[in-house]
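Content type CSV, C-alpha atoms and all ligand atoms, from the file entry32.csv:
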chain,number,residue,atom,x,y,z
A,76,MET,CA,11.2,50.1,-18.3
A,77,LYS,CA,12.7,50.5,-14.9
A,78,PRO,CA,11.1,47.5,-13.3
A,79,LYS,CA,12.1,45.5,-16.3
A,80,ASN,CA,15.7,46.5,-15.8
A,81,GLN,CA,15.5,45.6,-12.2
A,82,ILE,CA,14.2,42.3,-13.1
A,83,ILE,CA,17.0,41.7,-15.5
A,84,LEU,CA,19.6,42.8,-13.0
A,85,ALA,CA,18.1,40.7,-10.4
A,86,PHE,CA,18.1,37.8,-12.8
A,87,ILE,CA,21.8,38.2,-13.6
A,88,PHE,CA,22.6,38.7,-9.9
A,89,CYS,CA,20.7,35.6,-8.9
A,90,ALA,CA,22.1,33.6,-11.7
A,91,VAL,CA,25.6,34.5,-10.6
A,92,ILE,CA,24.9,33.7,-7.0
A,93,THR,CA,23.4,30.4,-7.9
A,94,PHE,CA,26.2,29.5,-10.2
A,95,SER,CA,29.0,30.4,-7.8
A,96,GLY,CA,27.1,28.7,-5.0
A,97,CYS,CA,27.1,25.5,-7.0
A,98,ALA,CA,30.8,25.7,-7.7
A,99,THR,CA,32.4,26.6,-4.4
A,100,ALA,CA,30.4,27.9,-1.4
A,101,PRO,CA,28.0,25.6,0.5
A,102,LEU,CA,24.6,26.0,-1.2
A,103,LYS,CA,22.1,27.9,0.8
A,104,GLU,CA,19.4,26.3,-1.4
A,105,ALA,CA,20.2,22.7,-1.9
A,106,LEU,CA,17.6,22.2,-4.6
A,107,PRO,CA,17.7,19.3,-7.0
A,108,VAL,CA,18.1,20.3,-10.6
A,109,TYR,CA,16.6,18.3,-13.4
A,110,ASN,CA,17.6,18.2,-17.0
A,111,ILE,CA,14.4,17.5,-19.1
A,112,LYS,CA,14.7,17.4,-22.8
A,113,GLY,CA,17.8,19.6,-22.7
A,114,ALA,CA,16.2,22.2,-20.4
A,115,THR,CA,17.0,23.0,-16.8
A,116,TYR,CA,14.1,22.5,-14.4
A,117,TYR,CA,13.6,22.9,-10.6
A,118,PRO,CA,11.1,21.1,-8.4
A,119,LEU,CA,8.5,23.8,-7.5
A,120,ILE,CA,7.3,22.7,-4.1
A,121,PRO,CA,10.7,22.5,-2.4
A,122,LEU,CA,11.5,25.8,-4.0
A,123,CYS,CA,8.3,27.4,-2.6
A,124,GLU,CA,9.1,25.9,0.8
A,125,LEU,CA,12.6,27.4,0.8
A,126,ARG,CA,11.1,30.8,0.1
A,127,GLY,CA,8.1,30.5,2.4
A,128,VAL,CA,5.7,30.7,-0.5
A,129,ASN,CA,2.2,29.3,0.0
A,130,TRP,CA,1.3,26.9,-2.7
A,131,GLN,CA,-1.8,25.0,-3.7
A,132,TYR,CA,-2.0,22.3,-6.4
A,133,ASP,CA,-5.2,21.1,-7.8
A,134,THR,CA,-4.5,17.8,-9.6
A,135,PHE,CA,-7.9,17.9,-11.4
A,136,THR,CA,-7.2,21.2,-13.1
A,137,ARG,CA,-3.4,20.8,-12.8
A,138,ILE,CA,-3.2,24.4,-11.7
A,139,VAL,CA,-0.7,25.6,-9.1
A,140,SER,CA,-1.5,28.8,-7.2
A,141,LEU,CA,1.4,30.5,-5.4
A,142,SER,CA,1.0,33.4,-3.0
A,143,LYS,CA,3.0,35.3,-0.6
A,144,GLY,CA,2.3,38.8,0.6
A,145,ALA,CA,0.4,40.7,-2.1
A,146,HIS,CA,1.9,38.5,-4.9
A,147,ARG,CA,-0.1,35.9,-6.8
A,148,VAL,CA,1.2,33.5,-9.4
A,149,SER,CA,-0.7,30.8,-11.3
A,150,LEU,CA,0.8,28.0,-13.4
A,151,LYS,CA,-0.6,25.1,-15.2
A,152,ALA,CA,1.2,21.8,-15.7
A,153,GLY,CA,1.8,21.3,-19.4
A,154,ASP,CA,1.5,25.1,-20.2
A,155,ASP,CA,4.3,27.6,-20.8
A,156,LEU,CA,2.0,30.5,-19.9
A,157,VAL,CA,2.0,31.7,-16.3
A,158,LEU,CA,0.1,34.5,-14.7
A,159,VAL,CA,2.3,36.7,-12.5
A,160,ASN,CA,0.1,39.2,-10.5
A,161,GLN,CA,-2.4,39.0,-13.3
A,162,ARG,CA,0.2,39.6,-16.0
A,163,ALA,CA,1.0,36.9,-18.5
A,164,LEU,CA,4.5,35.6,-18.9
A,165,ILE,CA,5.5,33.1,-21.5
A,166,LEU,CA,8.2,30.7,-20.4
A,167,ASN,CA,10.6,29.1,-22.9
A,168,HIS,CA,9.6,25.7,-21.7
A,169,PRO,CA,6.3,24.4,-20.1
A,170,VAL,CA,5.7,23.7,-16.5
A,171,ASP,CA,6.0,20.0,-16.3
A,172,ILE,CA,5.5,17.0,-14.0
A,173,TYR,CA,8.6,14.9,-13.6
A,174,GLU,CA,8.6,11.7,-11.6
A,175,GLY,CA,5.4,12.8,-9.9
A,176,THR,CA,6.8,16.2,-8.9
A,177,ILE,CA,5.8,19.6,-10.4
A,178,VAL,CA,8.9,21.1,-12.0
A,179,VAL,CA,9.4,24.6,-13.4
A,180,PRO,CA,11.9,25.7,-16.0
A,181,ALA,CA,14.9,27.7,-14.9
A,182,LYS,CA,13.4,30.9,-16.4
A,183,PHE,CA,10.5,30.7,-14.0
A,184,LYS,CA,12.7,30.4,-11.0
A,185,GLU,CA,15.0,33.2,-12.1
A,186,GLN,CA,12.4,35.6,-13.3
A,187,VAL,CA,9.5,35.0,-11.0
A,188,ILE,CA,10.4,33.2,-7.8
A,189,ASP,CA,13.8,34.8,-7.3
A,190,VAL,CA,12.5,38.2,-8.1
A,191,LEU,CA,9.1,38.3,-6.5
A,192,PHE,CA,9.7,36.1,-3.5
A,193,LYS,CA,13.3,36.6,-2.7
A,194,THR,CA,13.0,40.2,-1.6
A,195,LEU,CA,10.2,39.4,0.9
A,196,LYS,CA,11.1,38.3,4.4
A,197,SER,CA,10.7,34.6,4.2
A,198,THR,CA,9.0,32.7,6.9
A,199,PRO,CA,10.0,29.1,7.4
A,200,ALA,CA,7.3,27.2,5.7
A,201,LYS,CA,8.4,23.8,6.9
A,202,PRO,CA,8.3,23.3,10.6
A,203,VAL,CA,11.7,22.7,12.0
A,204,GLY,CA,11.3,19.1,13.1
A,205,PHE,CA,12.6,15.6,12.6
A,206,ASN,CA,13.4,14.8,9.0
A,207,ILE,CA,11.4,11.8,8.0
A,208,SER,CA,14.1,10.5,5.7
A,209,ALA,CA,16.5,9.9,8.6
A,210,LYS,CA,14.4,6.8,9.5
A,211,ILE,CA,12.2,6.2,6.5
A,212,ARG,CA,14.0,6.1,3.2
A,213,LYS,CA,11.5,4.5,0.9
A,214,VAL,CA,7.7,4.4,1.0
A,215,ILE,CA,5.0,2.9,-1.2
A,216,ILE,CA,1.9,5.0,-1.6
A,217,ASP,CA,-1.0,3.0,-3.0
A,218,ALA,CA,-3.8,5.1,-4.3
A,219,GLY,CA,-6.8,2.8,-4.0
A,220,HIS,CA,-8.9,1.8,-7.1
A,221,GLY,CA,-8.4,3.5,-10.5
A,222,GLY,CA,-9.4,3.1,-14.2
A,223,ASN,CA,-12.6,1.2,-14.5
A,224,ASP,CA,-12.8,0.6,-10.8
A,225,PRO,CA,-14.0,4.0,-9.4
A,226,GLY,CA,-14.3,2.8,-5.8
A,227,ALA,CA,-16.9,4.7,-3.8
A,228,ILE,CA,-18.9,7.4,-5.6
A,229,GLY,CA,-20.3,10.4,-3.7
A,230,ARG,CA,-23.7,11.9,-4.1
A,231,THR,CA,-22.5,14.6,-6.3
A,232,GLY,CA,-20.5,12.2,-8.4
A,233,LEU,CA,-17.0,12.6,-6.7
A,234,ARG,CA,-15.2,9.3,-7.4
A,235,GLU,CA,-13.0,7.7,-4.7
A,236,LYS,CA,-10.3,6.8,-7.2
A,237,ASP,CA,-9.7,10.5,-8.0
A,238,VAL,CA,-9.7,11.6,-4.4
A,239,ASN,CA,-7.3,8.8,-3.5
A,240,LEU,CA,-4.9,9.6,-6.3
A,241,ASP,CA,-4.9,13.3,-5.6
A,242,ILE,CA,-4.1,12.8,-1.9
A,243,ALA,CA,-1.5,10.1,-2.7
A,244,LYS,CA,0.2,12.5,-5.1
A,245,ARG,CA,0.2,15.4,-2.6
A,246,LEU,CA,1.6,13.0,0.0
A,247,ALA,CA,4.3,11.9,-2.5
A,248,ILE,CA,5.3,15.5,-3.1
A,249,LEU,CA,5.6,16.2,0.6
A,250,LEU,CA,7.6,13.1,1.2
A,251,ARG,CA,9.9,13.7,-1.7
A,252,SER,CA,10.6,17.2,-0.6
A,253,GLU,CA,12.1,15.7,2.5
A,254,GLY,CA,14.3,13.3,0.5
A,255,VAL,CA,12.1,10.2,0.9
A,256,ASN,CA,12.1,7.9,-2.1
A,257,VAL,CA,8.5,7.4,-3.0
A,258,VAL,CA,7.1,4.6,-5.2
A,259,MET,CA,3.5,4.9,-6.3
A,260,THR,CA,1.5,1.8,-7.3
A,261,ARG,CA,-0.3,4.1,-9.7
A,262,SER,CA,0.3,7.8,-10.6
A,263,THR,CA,-2.5,8.0,-13.2
A,264,ASP,CA,-6.1,7.0,-13.5
A,265,ARG,CA,-5.6,3.4,-14.4
A,266,PHE,CA,-6.6,0.1,-13.0
A,267,ILE,CA,-3.8,-1.8,-11.2
A,268,PRO,CA,-4.8,-5.4,-10.4
A,269,LEU,CA,-4.1,-6.3,-6.8
A,270,ASP,CA,-1.4,-8.8,-7.6
A,271,MET,CA,0.5,-6.0,-9.5
A,272,ARG,CA,0.2,-3.7,-6.5
A,273,VAL,CA,1.7,-6.4,-4.4
A,274,GLN,CA,4.4,-7.1,-7.0
A,275,ILE,CA,5.3,-3.4,-7.0
A,276,THR,CA,5.6,-3.5,-3.3
A,277,ASN,CA,7.6,-6.7,-3.2
A,278,ASN,CA,10.1,-5.4,-5.8
A,279,ALA,CA,10.5,-2.0,-4.2
A,280,LYS,CA,12.1,-2.9,-0.9
A,281,VAL,CA,10.4,-0.2,1.0
A,282,ASP,CA,10.2,0.8,4.7
A,283,LEU,CA,6.5,1.5,4.7
A,284,PHE,CA,3.3,0.9,2.8
A,285,ILE,CA,0.4,3.3,2.9
A,286,SER,CA,-2.8,2.7,1.0
A,287,ILE,CA,-5.1,5.7,0.5
A,288,HIS,CA,-8.8,5.2,0.3
A,289,SER,CA,-12.1,7.1,1.0
A,290,ASN,CA,-14.9,5.4,2.7
A,291,ALA,CA,-18.6,4.8,1.9
A,292,ASN,CA,-21.4,3.6,4.1
A,293,HIS,CA,-25.1,3.0,3.6
A,294,ALA,CA,-25.7,5.3,6.6
A,295,ARG,CA,-25.3,8.7,5.1
A,296,SER,CA,-24.5,10.2,8.5
A,297,MET,CA,-21.5,8.1,9.0
A,298,ASN,CA,-18.4,10.3,8.9
A,299,GLY,CA,-14.8,10.4,10.0
A,300,PHE,CA,-11.2,9.4,9.4
A,301,GLU,CA,-9.8,6.0,10.2
A,302,VAL,CA,-6.7,3.9,9.7
A,303,TYR,CA,-6.6,0.2,9.4
A,304,TYR,CA,-3.7,-2.1,10.1
A,305,VAL,CA,-3.2,-5.8,9.8
A,306,ALA,CA,-4.9,-7.8,12.5
A,307,THR,CA,-3.9,-11.0,14.2
A,308,SER,CA,-4.0,-14.3,12.4
A,309,LEU,CA,-7.0,-16.0,10.9
A,310,ASN,CA,-7.2,-19.7,11.3
A,311,ASP,CA,-6.3,-21.9,8.4
A,312,ALA,CA,-9.8,-22.7,7.3
A,313,LYS,CA,-10.7,-19.0,7.0
A,314,ARG,CA,-7.5,-18.4,5.2
A,315,ALA,CA,-8.3,-21.1,2.7
A,316,LEU,CA,-11.8,-19.7,2.2
A,317,LEU,CA,-10.3,-16.3,1.6
A,318,ALA,CA,-7.8,-17.6,-0.9
A,319,ALA,CA,-10.6,-19.5,-2.8
A,320,ARG,CA,-12.8,-16.4,-2.8
A,321,SER,CA,-10.0,-14.2,-4.0
A,322,ALA,CA,-9.2,-16.6,-6.9
A,323,ASN,CA,-12.7,-16.2,-8.1
A,324,LEU,CA,-13.0,-12.5,-7.6
A,325,ASN,CA,-13.4,-10.6,-10.8
A,326,LEU,CA,-11.5,-7.5,-9.9
A,327,GLU,CA,-12.3,-5.7,-13.1
A,328,SER,CA,-16.1,-5.8,-12.8
A,329,ALA,CA,-16.7,-6.2,-9.1
A,330,SER,CA,-18.5,-3.2,-7.6
A,331,PHE,CA,-17.1,-1.3,-4.7
A,332,ALA,CA,-19.7,-2.4,-2.2
A,333,SER,CA,-19.2,-6.0,-2.8
A,334,ASN,CA,-15.5,-6.1,-3.3
A,335,SER,CA,-14.0,-3.6,-0.9
A,336,LEU,CA,-13.6,-6.1,2.0
A,337,GLU,CA,-12.4,-8.8,-0.4
A,338,LEU,CA,-9.9,-6.4,-1.9
A,339,ARG,CA,-8.6,-5.4,1.5
A,340,ALA,CA,-8.4,-9.0,2.6
A,341,ILE,CA,-6.2,-9.9,-0.3
A,342,LEU,CA,-4.2,-6.8,0.0
A,343,TRP,CA,-3.5,-7.4,3.6
A,344,ASP,CA,-2.9,-11.1,2.9
A,345,MET,CA,-0.1,-10.2,0.6
A,346,LEU,CA,1.4,-7.3,2.4
A,347,TYR,CA,2.2,-8.8,5.7
A,348,ALA,CA,3.3,-6.3,8.3
A,349,TYR,CA,5.9,-8.4,9.9
A,350,ASP,CA,5.8,-6.3,13.0
A,351,ARG,CA,2.2,-5.6,13.7
A,352,ALA,CA,3.2,-3.3,16.5
A,353,GLU,CA,4.9,-1.0,14.1
A,354,SER,CA,1.8,-0.8,11.9
A,355,ILE,CA,-0.4,0.0,14.9
A,356,GLN,CA,2.0,2.7,16.0
A,357,LEU,CA,2.1,4.2,12.6
A,358,ALA,CA,-1.7,4.1,12.4
A,359,ARG,CA,-2.0,5.8,15.8
A,360,ASN,CA,0.5,8.5,14.8
A,361,ILE,CA,-1.5,9.2,11.7
A,362,CYS,CA,-4.8,9.4,13.6
A,363,LYS,CA,-3.3,11.6,16.3
A,364,SER,CA,-1.8,14.0,13.7
A,365,VAL,CA,-5.2,14.2,11.9
A,366,GLY,CA,-7.0,14.7,15.2
A,367,SER,CA,-4.7,17.6,16.1
A,368,ASN,CA,-4.4,19.2,12.7
A,369,MET,CA,-7.8,18.9,11.3
A,370,ASP,CA,-11.4,19.6,12.3
A,371,VAL,CA,-12.6,16.1,11.5
A,372,ARG,CA,-14.0,13.3,13.5
A,373,VAL,CA,-11.2,10.7,14.0
A,374,ILE,CA,-12.8,7.2,14.3
A,375,GLY,CA,-9.5,5.8,15.2
A,376,VAL,CA,-7.3,2.8,14.6
A,377,LYS,CA,-8.9,-0.4,13.6
A,378,ASP,CA,-7.6,-3.9,12.8
A,379,ALA,CA,-8.6,-5.2,9.5
A,380,ARG,CA,-8.9,-8.8,10.7
A,381,TYR,CA,-6.8,-10.3,8.0
A,382,GLU,CA,-3.7,-12.1,8.3
A,383,VAL,CA,-1.2,-11.8,5.5
A,384,LEU,CA,0.2,-14.9,4.0
A,385,ARG,CA,3.2,-13.6,2.2
A,386,GLY,CA,4.7,-10.6,0.7
A,387,ALA,CA,6.6,-7.5,1.7
A,388,ARG,CA,7.6,-7.5,5.4
A,389,VAL,CA,6.9,-3.9,6.1
A,390,PRO,CA,4.6,-1.9,8.4
A,391,ALA,CA,1.5,-1.3,6.4
A,392,VAL,CA,-1.6,0.8,6.9
A,393,LEU,CA,-4.7,1.6,5.0
A,394,VAL,CA,-6.0,5.2,5.5
A,395,GLU,CA,-9.7,6.0,5.0
A,396,THR,CA,-9.7,9.7,4.5
A,397,GLY,CA,-13.4,10.3,4.9
A,398,PHE,CA,-16.8,9.2,3.8
A,399,LEU,CA,-17.9,10.0,0.3
A,400,SER,CA,-21.3,8.9,1.2
A,401,ASN,CA,-21.5,11.7,3.7
A,402,TYR,CA,-22.6,15.0,2.1
A,403,LYS,CA,-20.3,17.2,4.2
A,404,GLU,CA,-17.3,15.0,3.8
A,405,GLU,CA,-17.8,14.6,0.1
A,406,ARG,CA,-17.8,18.4,-0.2
A,407,MET,CA,-14.7,18.6,1.9
A,408,LEU,CA,-12.9,15.9,-0.1
A,409,LYS,CA,-13.7,17.8,-3.3
A,410,ASN,CA,-11.7,20.7,-2.1
A,411,GLY,CA,-8.0,20.8,-3.0
A,412,TYR,CA,-7.1,22.7,0.1
A,413,TYR,CA,-8.8,20.0,2.3
A,414,ARG,CA,-7.0,17.2,0.4
A,415,GLN,CA,-3.8,19.0,1.0
A,416,LYS,CA,-4.5,19.2,4.7
A,417,VAL,CA,-5.2,15.5,4.7
A,418,ALA,CA,-1.9,14.8,3.0
A,419,GLU,CA,0.0,17.1,5.4
A,420,SER,CA,-1.6,15.5,8.4
A,421,ILE,CA,-0.7,12.0,7.2
A,422,MET,CA,2.8,13.4,6.6
A,423,GLU,CA,3.0,14.7,10.2
A,424,GLY,CA,1.8,11.3,11.4
A,425,LEU,CA,4.7,9.7,9.5
A,426,ARG,CA,7.1,12.2,11.0
A,427,ASP,CA,6.0,11.4,14.5
A,428,TYR,CA,6.3,7.7,13.7
A,429,ALA,CA,9.8,8.2,12.3
A,430,GLN,CA,10.8,10.2,15.3
A,431,GLY,CA,9.5,7.5,17.5
A,432,LEU,CA,11.7,5.0,15.7
A,433,ALA,CA,14.7,7.2,16.1
A,434,SER,CA,14.1,7.6,19.8
A,435,THR,CA,13.8,3.9,20.4
A,436,GLU,CA,16.6,2.8,18.1
A,437,GLY,CA,18.8,5.8,18.4
A,438,VAL,CA,19.5,7.8,15.3
A,501,ZN,ZN,-11.4,2.1,-1.4
Rewrite the structure from the file as structure tokens, please.
Amino acid sequence: MKPKNQIILAFIFCAVITFSGCATAPLKEALPVYNIKGATYYPLIPLCELRGVNWQYDTFTRIVSLSKGAHRVSLKAGDDLVLVNQRALILNHPVDIYEGTIVVPAKFKEQVIDVLFKTLKSTPAKPVGFNISAKIRKVIIDAGHGGNDPGAIGRTGLREKDVNLDIAKRLAILLRSEGVNVVMTRSTDRFIPLDMRVQITNNAKVDLFISIHSNANHARSMNGFEVYYVATSLNDAKRALLAARSANLNLESASFASNSLELRAILWDMLYAYDRAESIQLARNICKSVGSNMDVRVIGVKDARYEVLRGARVPAVLVETGFLSNYKEERMLKNGYYRQKVAESIMEGLRDYAQGLASTEGV
């Protein structure tokens, strides 16, 4: 009974603190609060980061695992049952996903997070650094392929579209936790025609465009991470040829091997990075970050050799996160922890890029 009483006391205490914090004093925890179907929800990842709680989200199983010290908590999106140190706790509302972010009902914050993780000394989870949103306010994340276009398929059956979407979602969560507005060309497993991806980008008025892909090569040994940017201009004849080809391209049925270059060509054609130097800088920052944060071969920055005819005038890069055709990299990309590291490394590359912008332009 005693621990229960303590929990209730802590709950009341925290509720009072939070409430009074909202009303008068500057908030120690400036967390967004959502009202979903009449219930109060908090975004889980920013909450974890505030408390120095380690988190891992597997978008395939939709299970979030939290840990700090000896405490372990598991939650599942869509479920109102959570496991707290092996004991089941039923929430009054399910864990949910709202605008691409995992959200938890107030009860979970108050009875689990505030109790288990508040008493422990928190370590700053987020490195104190430049806040990306100071220079980059809105980003498009384009998870390559989707629906009936699986993209590359690894030897054990891992599909590129799933890997791309998972990394894209993780990156979106990270960016949103820093206040960046993220638009995703797709947030589910569905096919988005290229022209629609472009339309989304054009309508969104973004600062950056990042397309996430995973590679494949006939040479199984081929491995590594690379980032593409838009290259210098094609001549008019090539451009006309490209346009003619793209008009005939059956996007729905074309296989990965035959269409990937075409897809990229059209994509880049439509998303012109008006300042190529910016895209190159962004690509370099991402590669550098991946090189220093991950044990992976960084192939480097490459130009995609396509000129873009029209479209959003934003710096744009296409990230190839690894080779699904390579046994080792397929195994790594299958791992949620690894995909999280990829997203975090891209994020840090973006941070370096944003910081570079600030130092050249002045914040
Ligand atoms: Zn791809």
Can you work out which one of A:Val371, A:Leu246, A:Leu269, A:Leu233 has the shortest atom-to-atom distance to Arg406 of chain A, counting only C-alpha atoms?
->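 Using only C-alpha atoms, Arg406 of chain A sits closest to A:Leu233.
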Nearest to ligand ZN 501 (chain A): which of A:Ala433, A:Met297, A:Leu408, A:Ala291 is it, counting only C-alpha atoms and all ligand atoms?
-> A:Ala291
Can you tell me which residues come within 7 Å of ligand ZN 501 (chain A) when counting all atoms listed in the file, ideally as a PyMOL selection string?
-> chain A and resi 219-220+226-227+235+288-290+335
Which one of A:Lys377, A:Lys236, A:Arg212, A:Lys143 sits closest to Leu250 of chain A if you count all atoms listed in the file?
-> A:Arg212
Can you work out which one of A:Val273, A:Val187, A:Ile242, A:Ile177 has the shortest atom-to-atom distance to Ser142 of chain A, counting all atoms listed in the file?
->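 Result for the nearest residue to Ser142 of chain A: A:Val187.
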Straight-line distance linking atom CA of Leu164 of chain A with atom CA of Leu141 of chain A, stated in Å to one decimal =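 Those two atoms sit 14.8 Å apart.
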Minimum-distance residue to Gly113 of chain A, chosen among A:Gly299, A:Gly411, A:Pro180, A:Gly375 (using all atoms listed in the file) |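 Answer, going by the shortest atom-to-atom distance: A:Pro180.
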